[in-house]
file work-v4.cif (mmCIF, C-alpha atoms (C1' of nucleotides))
data_query
loop_
_atom_site.group_PDB
_atom_site.id
_atom_site.type_symbol
_atom_site.label_atom_id
_atom_site.label_comp_id
_atom_site.auth_asym_id
_atom_site.auth_seq_id
_atom_site.Cartn_x
_atom_site.Cartn_y
_atom_site.Cartn_z
ATOM 1 C CA MET A 88 -17.996 -23.281 -15.551
ATOM 2 C CA CYS A 89 -17.655 -21.835 -19.014
ATOM 3 C CA ASP A 90 -21.030 -20.647 -20.234
ATOM 4 C CA HIS A 91 -20.204 -18.372 -23.127
ATOM 5 C CA HIS A 92 -20.241 -21.141 -25.668
ATOM 6 C CA SER A 93 -21.531 -24.657 -25.666
ATOM 7 C CA ARG A 94 -19.648 -27.878 -25.348
ATOM 8 C CA ASP A 95 -18.521 -29.508 -28.545
ATOM 9 C CA LYS A 96 -19.858 -32.714 -30.040
ATOM 10 C CA LYS A 97 -17.432 -34.950 -28.235
ATOM 11 C CA GLY A 98 -18.727 -33.742 -24.899
ATOM 12 C CA SER A 99 -15.450 -32.238 -23.779
ATOM 13 C CA VAL A 100 -15.452 -28.896 -22.050
ATOM 14 C CA CYS A 101 -14.341 -25.824 -23.903
ATOM 15 C CA ARG A 102 -10.649 -25.056 -23.909
ATOM 16 C CA CYS A 103 -10.730 -21.453 -22.778
ATOM 17 C CA GLY A 104 -11.672 -22.050 -19.166
ATOM 18 C CA GLY A 105 -8.459 -20.822 -17.718
ATOM 19 C CA GLY A 106 -9.006 -17.287 -16.553
ATOM 20 C CA LEU A 107 -9.937 -18.098 -13.021
ATOM 21 C CA PRO A 108 -9.718 -21.603 -11.583
ATOM 22 C CA VAL A 109 -12.839 -22.156 -9.534
ATOM 23 C CA GLU A 110 -11.296 -23.027 -6.192
ATOM 24 C CA LYS A 111 -8.572 -20.385 -6.367
ATOM 25 C CA PHE A 112 -10.875 -17.462 -6.951
ATOM 26 C CA MET A 113 -13.292 -18.961 -4.457
ATOM 27 C CA GLN A 114 -10.828 -18.311 -1.660
ATOM 28 C CA PRO A 115 -10.908 -14.491 -1.620
ATOM 29 C CA CYS A 116 -14.660 -14.615 -2.218
ATOM 30 C CA LEU A 117 -15.154 -16.768 0.864
ATOM 31 C CA LEU A 118 -12.929 -14.474 2.888
ATOM 32 C CA ILE A 119 -14.935 -11.418 1.885
ATOM 33 C CA LEU A 120 -18.225 -13.145 2.682
ATOM 34 C CA LEU A 121 -16.917 -14.176 6.086
ATOM 35 C CA LYS A 122 -15.684 -10.632 6.694
ATOM 36 C CA GLN A 123 -19.297 -9.512 6.380
ATOM 37 C CA HIS A 124 -20.625 -12.154 8.745
ATOM 38 C CA SER A 125 -19.715 -15.634 9.916
ATOM 39 C CA SER A 126 -21.706 -18.373 8.284
ATOM 40 C CA HIS A 127 -21.666 -22.045 7.445
ATOM 41 C CA GLY A 128 -20.704 -23.826 4.258
ATOM 42 C CA TYR A 129 -24.113 -24.477 2.833
ATOM 43 C CA ASP A 130 -25.030 -20.826 3.170
ATOM 44 C CA LEU A 131 -21.746 -19.701 1.628
ATOM 45 C CA ILE A 132 -22.471 -21.830 -1.412
ATOM 46 C CA GLN A 133 -25.612 -19.795 -2.047
ATOM 47 C CA GLN A 134 -23.807 -16.510 -1.533
ATOM 48 C CA LEU A 135 -20.995 -17.426 -3.917
ATOM 49 C CA ALA A 136 -23.448 -17.075 -6.802
ATOM 50 C CA GLU A 137 -23.104 -13.307 -6.411
ATOM 51 C CA PHE A 138 -19.489 -13.609 -7.509
ATOM 52 C CA GLY A 139 -20.393 -15.396 -10.699
ATOM 53 C CA PHE A 140 -20.041 -18.981 -9.537
ATOM 54 C CA SER A 141 -22.383 -21.522 -11.060
ATOM 55 C CA GLU A 142 -25.672 -21.916 -9.222
ATOM 56 C CA ARG A 143 -24.971 -25.632 -9.073
ATOM 57 C CA LEU A 144 -21.416 -25.202 -7.839
ATOM 58 C CA ASP A 145 -20.072 -28.486 -6.517
ATOM 59 C CA PRO A 146 -20.503 -28.412 -2.715
ATOM 60 C CA GLY A 147 -17.554 -30.734 -2.204
ATOM 61 C CA SER A 148 -15.138 -28.181 -3.614
ATOM 62 C CA VAL A 149 -16.483 -25.458 -1.334
ATOM 63 C CA TYR A 150 -16.118 -27.557 1.803
ATOM 64 C CA ARG A 151 -12.682 -28.634 0.680
ATOM 65 C CA THR A 152 -11.653 -25.017 0.161
ATOM 66 C CA LEU A 153 -13.015 -24.037 3.566
ATOM 67 C CA ARG A 154 -11.022 -26.764 5.229
ATOM 68 C CA ARG A 155 -7.890 -25.681 3.437
ATOM 69 C CA LEU A 156 -8.453 -22.103 4.535
ATOM 70 C CA GLU A 157 -8.779 -23.376 8.077
ATOM 71 C CA ASP A 158 -5.576 -25.406 7.766
ATOM 72 C CA GLU A 159 -3.822 -22.204 6.720
ATOM 73 C CA GLY A 160 -5.247 -20.322 9.679
ATOM 74 C CA LEU A 161 -7.264 -17.893 7.582
ATOM 75 C CA VAL A 162 -10.618 -18.970 9.016
ATOM 76 C CA THR A 163 -11.728 -20.662 12.207
ATOM 77 C CA SER A 164 -14.690 -22.970 12.718
ATOM 78 C CA HIS A 165 -16.679 -24.632 15.437
ATOM 79 C CA TRP A 166 -19.650 -26.975 15.356
ATOM 80 C CA ASP A 167 -22.998 -25.285 15.667
ATOM 81 C CA VAL A 168 -25.479 -27.804 17.018
ATOM 82 C CA GLY A 169 -28.587 -25.655 16.865
ATOM 83 C CA GLU A 170 -32.134 -26.892 17.160
ATOM 84 C CA GLY A 171 -33.416 -28.381 13.930
ATOM 85 C CA GLY A 172 -31.424 -29.689 11.035
ATOM 86 C CA PRO A 173 -28.102 -31.491 11.118
ATOM 87 C CA ALA A 174 -25.099 -30.061 12.920
ATOM 88 C CA ARG A 175 -23.235 -27.527 10.884
ATOM 89 C CA ARG A 176 -19.856 -25.927 10.990
ATOM 90 C CA LEU A 177 -19.809 -22.183 11.497
ATOM 91 C CA TYR A 178 -16.866 -20.430 9.900
ATOM 92 C CA SER A 179 -15.377 -17.096 10.925
ATOM 93 C CA LEU A 180 -12.622 -14.950 9.476
ATOM 94 C CA SER A 181 -9.397 -14.804 11.470
ATOM 95 C CA ASP A 182 -7.087 -11.793 11.701
ATOM 96 C CA GLU A 183 -4.663 -13.572 9.439
ATOM 97 C CA GLY A 184 -7.484 -14.175 7.020
ATOM 98 C CA GLU A 185 -8.301 -10.488 6.891
ATOM 99 C CA GLU A 186 -4.685 -9.707 6.112
ATOM 100 C CA MET A 187 -4.766 -12.285 3.349
ATOM 101 C CA LEU A 188 -7.912 -10.667 1.999
ATOM 102 C CA HIS A 189 -6.026 -7.396 1.578
ATOM 103 C CA ALA A 190 -3.205 -9.235 -0.185
ATOM 104 C CA TRP A 191 -5.737 -10.868 -2.475
ATOM 105 C CA ALA A 192 -7.252 -7.497 -3.350
ATOM 106 C CA VAL A 193 -3.856 -6.210 -4.452
ATOM 107 C CA HIS A 194 -3.261 -9.377 -6.417
ATOM 108 C CA ILE A 195 -6.641 -9.282 -8.117
ATOM 109 C CA ARG A 196 -6.164 -5.663 -9.130
ATOM 110 C CA GLN A 197 -2.912 -6.696 -10.781
ATOM 111 C CA GLN A 198 -4.534 -9.573 -12.602
ATOM 112 C CA ARG A 199 -7.359 -7.349 -13.768
ATOM 113 C CA LYS A 200 -4.825 -4.929 -15.154
ATOM 114 C CA ARG A 201 -3.251 -7.727 -17.169
ATOM 115 C CA MET A 202 -6.655 -8.575 -18.580
ATOM 116 C CA ASP A 203 -7.145 -4.923 -19.469
ATOM 117 C CA VAL A 204 -3.883 -4.956 -21.385
ATOM 118 C CA PHE A 205 -5.094 -7.986 -23.292
ATOM 119 C CA LEU A 206 -8.537 -6.555 -24.007
ATOM 120 C CA GLU A 207 -7.220 -3.185 -25.157
ATOM 121 C CA ARG A 208 -4.811 -4.913 -27.469
ATOM 122 C CA TYR A 209 -7.578 -7.162 -28.736
ATOM 123 C CA GLN A 210 -9.920 -4.279 -29.443
ATOM 124 C CA SER A 211 -7.323 -2.207 -31.250
ATOM 125 C CA LEU A 212 -6.604 -5.216 -33.448
ATOM 126 C CA PHE A 213 -10.176 -5.931 -34.428
ATOM 127 C CA SER A 214 -11.998 -2.603 -34.114
ATOM 128 C CA LYS A 215 -11.153 -1.061 -37.495
ATOM 129 C CA GLU A 216 -11.497 -4.080 -39.775
ATOM 130 C CA ASN A 217 -14.841 -5.133 -41.382
ATOM 131 C CA MET B 91 4.895 -14.798 -10.489
ATOM 132 C CA CYS B 92 3.439 -13.103 -7.432
ATOM 133 C CA ASP B 93 5.422 -9.952 -6.748
ATOM 134 C CA HIS B 94 3.224 -8.026 -4.363
ATOM 135 C CA HIS B 95 4.606 -9.650 -1.255
ATOM 136 C CA SER B 96 7.659 -11.713 -0.508
ATOM 137 C CA ARG B 97 8.008 -15.395 0.045
ATOM 138 C CA ASP B 98 7.655 -16.681 3.574
ATOM 139 C CA LYS B 99 10.450 -18.088 5.709
ATOM 140 C CA LYS B 100 9.966 -21.660 4.589
ATOM 141 C CA GLY B 101 10.679 -20.691 1.012
ATOM 142 C CA SER B 102 7.265 -21.624 -0.284
ATOM 143 C CA VAL B 103 5.573 -19.324 -2.726
ATOM 144 C CA CYS B 104 2.778 -17.080 -1.574
ATOM 145 C CA ARG B 105 -0.683 -18.546 -1.476
ATOM 146 C CA CYS B 106 -2.585 -15.962 -3.472
ATOM 147 C CA GLY B 107 -1.091 -16.753 -6.836
ATOM 148 C CA GLY B 108 -4.236 -18.048 -8.338
ATOM 149 C CA GLY B 109 -5.735 -15.268 -10.366
ATOM 150 C CA LEU B 110 -4.286 -16.217 -13.677
ATOM 151 C CA PRO B 111 -2.447 -19.493 -14.126
ATOM 152 C CA VAL B 112 0.632 -18.762 -16.179
ATOM 153 C CA GLU B 113 0.219 -21.266 -18.990
ATOM 154 C CA LYS B 114 -3.510 -20.733 -19.343
ATOM 155 C CA PHE B 115 -3.424 -16.978 -19.707
ATOM 156 C CA MET B 116 -0.381 -17.342 -21.903
ATOM 157 C CA GLN B 117 -2.484 -18.989 -24.587
ATOM 158 C CA PRO B 118 -4.652 -16.014 -25.616
ATOM 159 C CA CYS B 119 -1.626 -13.750 -25.292
ATOM 160 C CA LEU B 120 0.319 -15.899 -27.729
ATOM 161 C CA LEU B 121 -2.636 -15.952 -30.116
ATOM 162 C CA ILE B 122 -2.913 -12.174 -30.099
ATOM 163 C CA LEU B 123 0.828 -11.757 -30.667
ATOM 164 C CA LEU B 124 0.692 -14.178 -33.593
ATOM 165 C CA LYS B 125 -2.322 -12.336 -34.989
ATOM 166 C CA GLN B 126 -0.117 -9.274 -35.251
ATOM 167 C CA HIS B 127 2.719 -11.117 -36.954
ATOM 168 C CA SER B 128 4.142 -14.603 -37.112
ATOM 169 C CA SER B 129 7.196 -15.122 -34.975
ATOM 170 C CA HIS B 130 9.257 -17.745 -33.212
ATOM 171 C CA GLY B 131 9.264 -18.862 -29.611
ATOM 172 C CA TYR B 132 12.253 -16.977 -28.361
ATOM 173 C CA ASP B 133 10.856 -13.738 -29.699
ATOM 174 C CA LEU B 134 7.422 -14.437 -28.237
ATOM 175 C CA ILE B 135 8.985 -14.865 -24.820
ATOM 176 C CA GLN B 136 10.251 -11.286 -24.979
ATOM 177 C CA GLN B 137 6.910 -9.973 -26.175
ATOM 178 C CA LEU B 138 4.967 -11.739 -23.415
ATOM 179 C CA ALA B 139 6.488 -9.302 -20.927
ATOM 180 C CA GLU B 140 4.030 -6.710 -22.246
ATOM 181 C CA PHE B 141 1.192 -8.798 -20.820
ATOM 182 C CA GLY B 142 2.686 -8.821 -17.355
ATOM 183 C CA PHE B 143 4.581 -12.091 -17.502
ATOM 184 C CA SER B 144 7.791 -12.274 -15.537
ATOM 185 C CA GLU B 145 10.836 -11.074 -17.443
ATOM 186 C CA ARG B 146 12.461 -14.402 -16.594
ATOM 187 C CA LEU B 147 9.469 -16.454 -17.647
ATOM 188 C CA ASP B 148 10.373 -20.125 -17.970
ATOM 189 C CA PRO B 149 11.083 -20.746 -21.670
ATOM 190 C CA GLY B 150 10.103 -24.389 -21.363
ATOM 191 C CA SER B 151 6.536 -23.515 -20.485
ATOM 192 C CA VAL B 152 6.276 -21.214 -23.493
ATOM 193 C CA TYR B 153 7.527 -23.819 -25.944
ATOM 194 C CA ARG B 154 5.299 -26.446 -24.380
ATOM 195 C CA THR B 155 2.298 -24.139 -24.681
ATOM 196 C CA LEU B 156 3.123 -23.416 -28.317
ATOM 197 C CA ARG B 157 3.269 -27.104 -29.109
ATOM 198 C CA ARG B 158 -0.055 -27.682 -27.403
ATOM 199 C CA LEU B 159 -1.599 -24.863 -29.409
ATOM 200 C CA GLU B 160 -0.265 -26.527 -32.537
ATOM 201 C CA ASP B 161 -1.697 -29.895 -31.479
ATOM 202 C CA GLU B 162 -5.075 -28.227 -31.137
ATOM 203 C CA GLY B 163 -4.768 -26.684 -34.582
ATOM 204 C CA LEU B 164 -4.748 -23.098 -33.324
ATOM 205 C CA VAL B 165 -1.301 -22.308 -34.698
ATOM 206 C CA THR B 166 0.898 -23.746 -37.418
ATOM 207 C CA SER B 167 4.669 -23.875 -37.555
ATOM 208 C CA HIS B 168 7.514 -24.642 -39.894
ATOM 209 C CA TRP B 169 11.270 -24.653 -39.448
ATOM 210 C CA ASP B 170 12.965 -21.453 -40.435
ATOM 211 C CA VAL B 171 16.573 -22.222 -41.305
ATOM 212 C CA GLY B 172 17.717 -18.688 -41.942
ATOM 213 C CA GLU B 173 21.292 -17.527 -42.222
ATOM 214 C CA GLY B 174 22.985 -17.160 -38.837
ATOM 215 C CA GLY B 175 21.931 -18.633 -35.548
ATOM 216 C CA PRO B 176 20.332 -22.000 -34.905
ATOM 217 C CA ALA B 177 17.235 -23.115 -36.764
ATOM 218 C CA ARG B 178 14.056 -21.777 -35.290
ATOM 219 C CA ARG B 179 10.414 -22.636 -35.519
ATOM 220 C CA LEU B 180 8.224 -19.935 -36.973
ATOM 221 C CA TYR B 181 4.673 -19.943 -35.661
ATOM 222 C CA SER B 182 1.601 -18.517 -37.396
ATOM 223 C CA LEU B 183 -2.002 -18.137 -36.318
ATOM 224 C CA SER B 184 -4.511 -20.423 -38.032
ATOM 225 C CA ASP B 185 -8.120 -19.556 -38.843
ATOM 226 C CA GLU B 186 -9.237 -21.781 -36.016
ATOM 227 C CA GLY B 187 -6.821 -19.976 -33.756
ATOM 228 C CA GLU B 188 -8.350 -16.631 -34.647
ATOM 229 C CA GLU B 189 -11.792 -17.954 -33.796
ATOM 230 C CA MET B 190 -10.463 -19.186 -30.472
ATOM 231 C CA LEU B 191 -8.980 -15.761 -29.849
ATOM 232 C CA HIS B 192 -12.474 -14.253 -30.128
ATOM 233 C CA ALA B 193 -13.836 -16.849 -27.714
ATOM 234 C CA TRP B 194 -11.032 -16.042 -25.296
ATOM 235 C CA ALA B 195 -11.856 -12.336 -25.459
ATOM 236 C CA VAL B 196 -15.449 -13.055 -24.443
ATOM 237 C CA HIS B 197 -14.258 -15.310 -21.677
ATOM 238 C CA ILE B 198 -11.723 -12.813 -20.350
ATOM 239 C CA ARG B 199 -14.313 -10.040 -20.311
ATOM 240 C CA GLN B 200 -16.490 -12.270 -18.146
ATOM 241 C CA GLN B 201 -13.666 -13.062 -15.772
ATOM 242 C CA ARG B 202 -12.784 -9.393 -15.544
ATOM 243 C CA LYS B 203 -16.356 -8.629 -14.591
ATOM 244 C CA ARG B 204 -16.169 -11.147 -11.764
ATOM 245 C CA MET B 205 -13.046 -9.427 -10.496
ATOM 246 C CA ASP B 206 -14.883 -6.108 -10.635
ATOM 247 C CA VAL B 207 -17.645 -7.550 -8.484
ATOM 248 C CA PHE B 208 -15.059 -8.688 -5.979
ATOM 249 C CA LEU B 209 -13.169 -5.394 -5.929
ATOM 250 C CA GLU B 210 -16.310 -3.274 -5.585
ATOM 251 C CA ARG B 211 -17.425 -5.404 -2.703
ATOM 252 C CA TYR B 212 -13.995 -5.190 -1.165
ATOM 253 C CA GLN B 213 -13.860 -1.424 -1.410
ATOM 254 C CA SER B 214 -17.326 -0.916 0.010
ATOM 255 C CA LEU B 215 -16.327 -3.083 2.964
ATOM 256 C CA PHE B 216 -13.107 -1.267 3.789
ATOM 257 C CA SER B 217 -13.591 2.276 2.466
ATOM 258 C CA LYS B 218 -15.451 3.844 5.408
ATOM 259 C CA GLU B 219 -13.520 2.394 8.328
ATOM 260 C CA ASN B 220 -10.476 4.300 9.700
ATOM 261 C "C1'" DA C 40 -45.085 -45.366 7.692
ATOM 262 C "C1'" DA C 41 -42.931 -44.801 3.625
ATOM 263 C "C1'" DT C 42 -41.050 -41.903 0.376
ATOM 264 C "C1'" DC C 43 -39.029 -37.837 -1.188
ATOM 265 C "C1'" DC C 44 -36.581 -33.636 -0.993
ATOM 266 C "C1'" DA C 45 -33.724 -29.960 1.144
ATOM 267 C "C1'" DT C 46 -30.144 -29.226 4.318
ATOM 268 C "C1'" DA C 47 -25.324 -30.086 5.512
ATOM 269 C "C1'" DT C 48 -20.696 -32.033 5.340
ATOM 270 C "C1'" DA C 49 -17.111 -34.723 3.535
ATOM 271 C "C1'" DG C 50 -13.879 -38.475 1.094
ATOM 272 C "C1'" DA C 51 -11.847 -40.586 -3.069
ATOM 273 C "C1'" DC C 52 -9.679 -40.343 -7.312
ATOM 274 C "C1'" DA C 53 -8.154 -39.722 -12.123
ATOM 275 C "C1'" DA C 54 -6.580 -36.183 -14.910
ATOM 276 C "C1'" DA C 55 -4.702 -31.884 -15.625
ATOM 277 C "C1'" DT C 56 -1.518 -28.196 -14.402
ATOM 278 C "C1'" DT C 57 2.344 -25.944 -12.264
ATOM 279 C "C1'" DA C 58 6.854 -24.563 -11.345
ATOM 280 C "C1'" DC C 59 11.356 -25.716 -11.688
ATOM 281 C "C1'" DA C 60 15.408 -27.920 -13.047
ATOM 282 C "C1'" DC C 61 17.915 -29.813 -16.591
ATOM 283 C "C1'" DA C 62 19.422 -31.038 -21.625
ATOM 284 C "C1'" DT C 63 20.979 -29.740 -26.245
ATOM 285 C "C1'" DA C 64 23.054 -27.036 -29.731
ATOM 286 C "C1'" DG C 65 24.698 -23.233 -33.035
ATOM 287 C "C1'" DA C 66 27.204 -18.908 -33.421
ATOM 288 C "C1'" DG C 67 29.869 -14.925 -32.379
ATOM 289 C "C1'" DA C 68 33.028 -12.418 -29.081
ATOM 290 C "C1'" DG C 69 37.109 -12.018 -26.638
ATOM 291 C "C1'" DC D 230 38.955 -22.260 -25.868
ATOM 292 C "C1'" DT D 231 35.646 -20.615 -23.134
ATOM 293 C "C1'" DC D 232 31.746 -17.723 -22.359
ATOM 294 C "C1'" DT D 233 27.540 -15.866 -23.347
ATOM 295 C "C1'" DC D 234 23.491 -15.242 -26.163
ATOM 296 C "C1'" DT D 235 20.220 -17.238 -29.078
ATOM 297 C "C1'" DA D 236 16.961 -21.024 -29.555
ATOM 298 C "C1'" DT D 237 14.310 -25.174 -28.515
ATOM 299 C "C1'" DG D 238 13.124 -28.580 -25.953
ATOM 300 C "C1'" DT D 239 12.436 -32.895 -21.851
ATOM 301 C "C1'" DG D 240 11.571 -34.687 -17.160
ATOM 302 C "C1'" DT D 241 9.266 -34.720 -13.095
ATOM 303 C "C1'" DA D 242 7.416 -34.235 -8.397
ATOM 304 C "C1'" DA D 243 3.895 -31.941 -6.228
ATOM 305 C "C1'" DT D 244 -0.180 -29.584 -6.285
ATOM 306 C "C1'" DT D 245 -4.842 -28.593 -7.973
ATOM 307 C "C1'" DT D 246 -8.983 -29.421 -10.418
ATOM 308 C "C1'" DG D 247 -13.368 -31.291 -11.412
ATOM 309 C "C1'" DT D 248 -16.438 -34.823 -10.601
ATOM 310 C "C1'" DC D 249 -18.582 -38.504 -8.423
ATOM 311 C "C1'" DT D 250 -20.023 -40.714 -4.514
ATOM 312 C "C1'" DA D 251 -21.109 -41.312 0.594
ATOM 313 C "C1'" DT D 252 -23.472 -40.065 4.830
ATOM 314 C "C1'" DA D 253 -26.831 -38.171 7.839
ATOM 315 C "C1'" DT D 254 -30.767 -35.200 9.703
ATOM 316 C "C1'" DG D 255 -35.310 -33.493 9.456
ATOM 317 C "C1'" DG D 256 -39.524 -31.664 7.275
ATOM 318 C "C1'" DA D 257 -43.121 -32.327 3.932
ATOM 319 C "C1'" DT D 258 -45.989 -35.190 1.000
ATOM 320 C "C1'" DT D 259 -48.566 -39.166 -0.099
#
call {"tool": "encode", "arguments": {"input": "work-v4.cif", "output": "structure tokens"}}
result
Amino acid sequence: MCDHHSRDKKGSVCRCGGGLPVEKFMQPCLLILLKQHSSHGYDLIQQLAEFGFSERLDPGSVYRTLRRLEDEGLVTSHWDVGEGGPARRLYSLSDEGEEMLHAWAVHIRQQRKRMDVFLERYQSLFSKEN
Amino acid sequence: MCDHHSRDKKGSVCRCGGGLPVEKFMQPCLLILLKQHSSHGYDLIQQLAEFGFSERLDPGSVYRTLRRLEDEGLVTSHWDVGEGGPARRLYSLSDEGEEMLHAWAVHIRQQRKRMDVFLERYQSLFSKEN
DNA sequence: AATCCATATAGACAAATTACACATAGAGAG
DNA sequence: CTCTCTATGTGTAATTTGTCTATATGGATT
């Protein structure tokens, strides 16, 4: 998940991976994708790459997140037994989910502002020296 | 931590609190504050408000984070038994901590970019209608 | 027909993380 | 003597994360 510097010798992941937990930020991204058009999990995994998720994002976490969203009433699903290929679950955004999407947008703007505060402070600290 | 809409009837916190986990984002903020000048925990708690942390941020989580940063070698501390008031631990940024601060800045810029992608997509979806 | 790969969904689990409540203690004010 | 402010911590239950593994269908390749 953290690509900006490599893992250390011991094989542990880097310690600054905390900005955006994968499954948390995945939620508003899924909602916005489903606002555009209903689709199924496997397809959503591909589309999530546009939001900066790893191209080999763990499918299990996506399906788990989708099911949680459904538990919360933010999306609905029904089995789509089309011709060819295994049965797949087609997800759609609910009205409640669209409301939550708006709440997320407000929240994310706030979080971005906090990051701006940090980055401005960082730059003013390190811009003049060396 | 999430102020943009109230808690629901059951008393549970709102579900879109995931942008920036408190203790994770606290780490680079503490590093940048200690880059400016060494200080002790109680003082850092006040200063963290500038980064958008709640004014009644749990002190325990701050002290715990500071100790973890010390375990990782990013900060150093020694007891400051000054005149008046209880003894307090004075924290300073280490060289390794300053390096980590740079890594965090890169990371946070990336995360901010992902939020931009989300917000642009959000606005283009909802700008034209009504 | 046997094998392999892409599609598609899901469960299990250890470790980390969170929020919150609680514990301890010195010092000055009233 | 009690209250509040300063100052630093511990405990813990519940949630969340990342990762690994399981299962099944169907098309393509050999």
call {"tool": "closest_atom_pairs", "arguments": {"input": "work-v4.cif", "of": "chain D", "to": "segment 172-189 of chain B", "cutoff": "10 Å", "atoms": "only C-alpha atoms (C1' of nucleotides)", "output": "CSV"}}
result
residue,atom,partner,partner_atom,distance
D:DT235,C1',B:Gly175,CA,6.8
D:DA236,C1',B:Pro176,CA,6.4
D:DT237,C1',B:Arg178,CA,7.6
call {"tool": "closest_atom_pairs", "arguments": {"input": "work-v4.cif", "of": "chain B", "to": "chain D", "cutoff": "12 Å", "atoms": "only C-alpha atoms (C1' of nucleotides)", "output": "JSON lines"}}
result
{"residue": "B:Gly108", "atom": "CA", "partner": "D:DT245", "partner_atom": "C1'", "distance": 10.6}
{"residue": "B:Pro111", "atom": "CA", "partner": "D:DT245", "partner_atom": "C1'", "distance": 11.2}
{"residue": "B:His130", "atom": "CA", "partner": "D:DA236", "partner_atom": "C1'", "distance": 9.1}
{"residue": "B:Gly131", "atom": "CA", "partner": "D:DA236", "partner_atom": "C1'", "distance": 8.0}
{"residue": "B:Tyr132", "atom": "CA", "partner": "D:DA236", "partner_atom": "C1'", "distance": 6.3}
{"residue": "B:Asp133", "atom": "CA", "partner": "D:DA236", "partner_atom": "C1'", "distance": 9.5}
{"residue": "B:Leu134", "atom": "CA", "partner": "D:DA236", "partner_atom": "C1'", "distance": 11.7}
{"residue": "B:Ile135", "atom": "CA", "partner": "D:DA236", "partner_atom": "C1'", "distance": 11.1}
{"residue": "B:Asp148", "atom": "CA", "partner": "D:DG238", "partner_atom": "C1'", "distance": 11.9}
{"residue": "B:Pro149", "atom": "CA", "partner": "D:DT237", "partner_atom": "C1'", "distance": 8.8}
{"residue": "B:Gly150", "atom": "CA", "partner": "D:DG238", "partner_atom": "C1'", "distance": 6.9}
{"residue": "B:Ser151", "atom": "CA", "partner": "D:DG238", "partner_atom": "C1'", "distance": 9.9}
{"residue": "B:Val152", "atom": "CA", "partner": "D:DT237", "partner_atom": "C1'", "distance": 10.3}
{"residue": "B:Tyr153", "atom": "CA", "partner": "D:DG238", "partner_atom": "C1'", "distance": 7.3}
{"residue": "B:Arg154", "atom": "CA", "partner": "D:DG238", "partner_atom": "C1'", "distance": 8.3}
{"residue": "B:Thr155", "atom": "CA", "partner": "D:DG238", "partner_atom": "C1'", "distance": 11.8}
{"residue": "B:Leu156", "atom": "CA", "partner": "D:DT237", "partner_atom": "C1'", "distance": 11.3}
{"residue": "B:Arg157", "atom": "CA", "partner": "D:DG238", "partner_atom": "C1'", "distance": 10.5}
{"residue": "B:Trp169", "atom": "CA", "partner": "D:DT237", "partner_atom": "C1'", "distance": 11.4}
{"residue": "B:Asp170", "atom": "CA", "partner": "D:DA236", "partner_atom": "C1'", "distance": 11.6}
{"residue": "B:Val171", "atom": "CA", "partner": "D:DA236", "partner_atom": "C1'", "distance": 11.8}
{"residue": "B:Gly174", "atom": "CA", "partner": "D:DT235", "partner_atom": "C1'", "distance": 10.1}
{"residue": "B:Gly175", "atom": "CA", "partner": "D:DT235", "partner_atom": "C1'", "distance": 6.8}
{"residue": "B:Pro176", "atom": "CA", "partner": "D:DA236", "partner_atom": "C1'", "distance": 6.4}
{"residue": "B:Ala177", "atom": "CA", "partner": "D:DA236", "partner_atom": "C1'", "distance": 7.5}
{"residue": "B:Arg178", "atom": "CA", "partner": "D:DA236", "partner_atom": "C1'", "distance": 6.5}
{"residue": "B:Arg179", "atom": "CA", "partner": "D:DT237", "partner_atom": "C1'", "distance": 8.4}
{"residue": "B:Leu180", "atom": "CA", "partner": "D:DA236", "partner_atom": "C1'", "distance": 11.5}
call {"tool": "axis_aligned_box", "arguments": {"input": "work-v4.cif", "around": "segment 44-60 of chain C", "padding_each_side": "6 Å", "output": "lines of an AutoDock Vina configuration file"}}
result
center_x = -10.6
center_y = -32.6
center_z = -5.1
size_x = 64.0
size_y = 28.0
size_z = 33.1
call {"tool": "closest_residue", "arguments": {"input": "work-v4.cif", "among": "A:Leu156, A:Leu144, A:Val193, A:Val162", "to": "chain B", "atoms": "only C-alpha atoms"}}
result
A:Val193
call {"tool": "resolve_selection", "arguments": {"input": "work-v4.cif", "expression": "the PyMOL selection byres ((chain C) within 8 of (chain B))", "output": "ChimeraX atom specification"}}
result
/C:64-66
call {"tool": "atom_distance", "arguments": {"input": "work-v4.cif", "atom1": "atom CA of Leu118 of chain A", "atom2": "atom CA of Phe205 of chain A"}}
result
28.1 Å
call {"tool": "atom_distance", "arguments": {"input": "work-v4.cif", "atom1": "atom C1' of DC59 of chain C", "atom2": "atom CA of Arg146 of chain B"}}
result
12.4 Å
call {"tool": "closest_residue", "arguments": {"input": "work-v4.cif", "among": "B:Leu123, B:Val207, B:Leu138, B:Leu164", "to": "chain A", "atoms": "only C-alpha atoms"}}
result
B:Val207
call {"tool": "closest_residue", "arguments": {"input": "work-v4.cif", "among": "A:Ser141, A:Ser125, A:Arg201, A:Ser214", "to": "chain B", "atoms": "all atoms listed in the file"}}
result
A:Arg201
call {"tool": "closest_residue", "arguments": {"input": "work-v4.cif", "among": "A:Gln114, A:Thr163, A:Gln133, A:Ser126", "to": "chain B", "atoms": "all atoms listed in the file"}}
result
A:Gln114
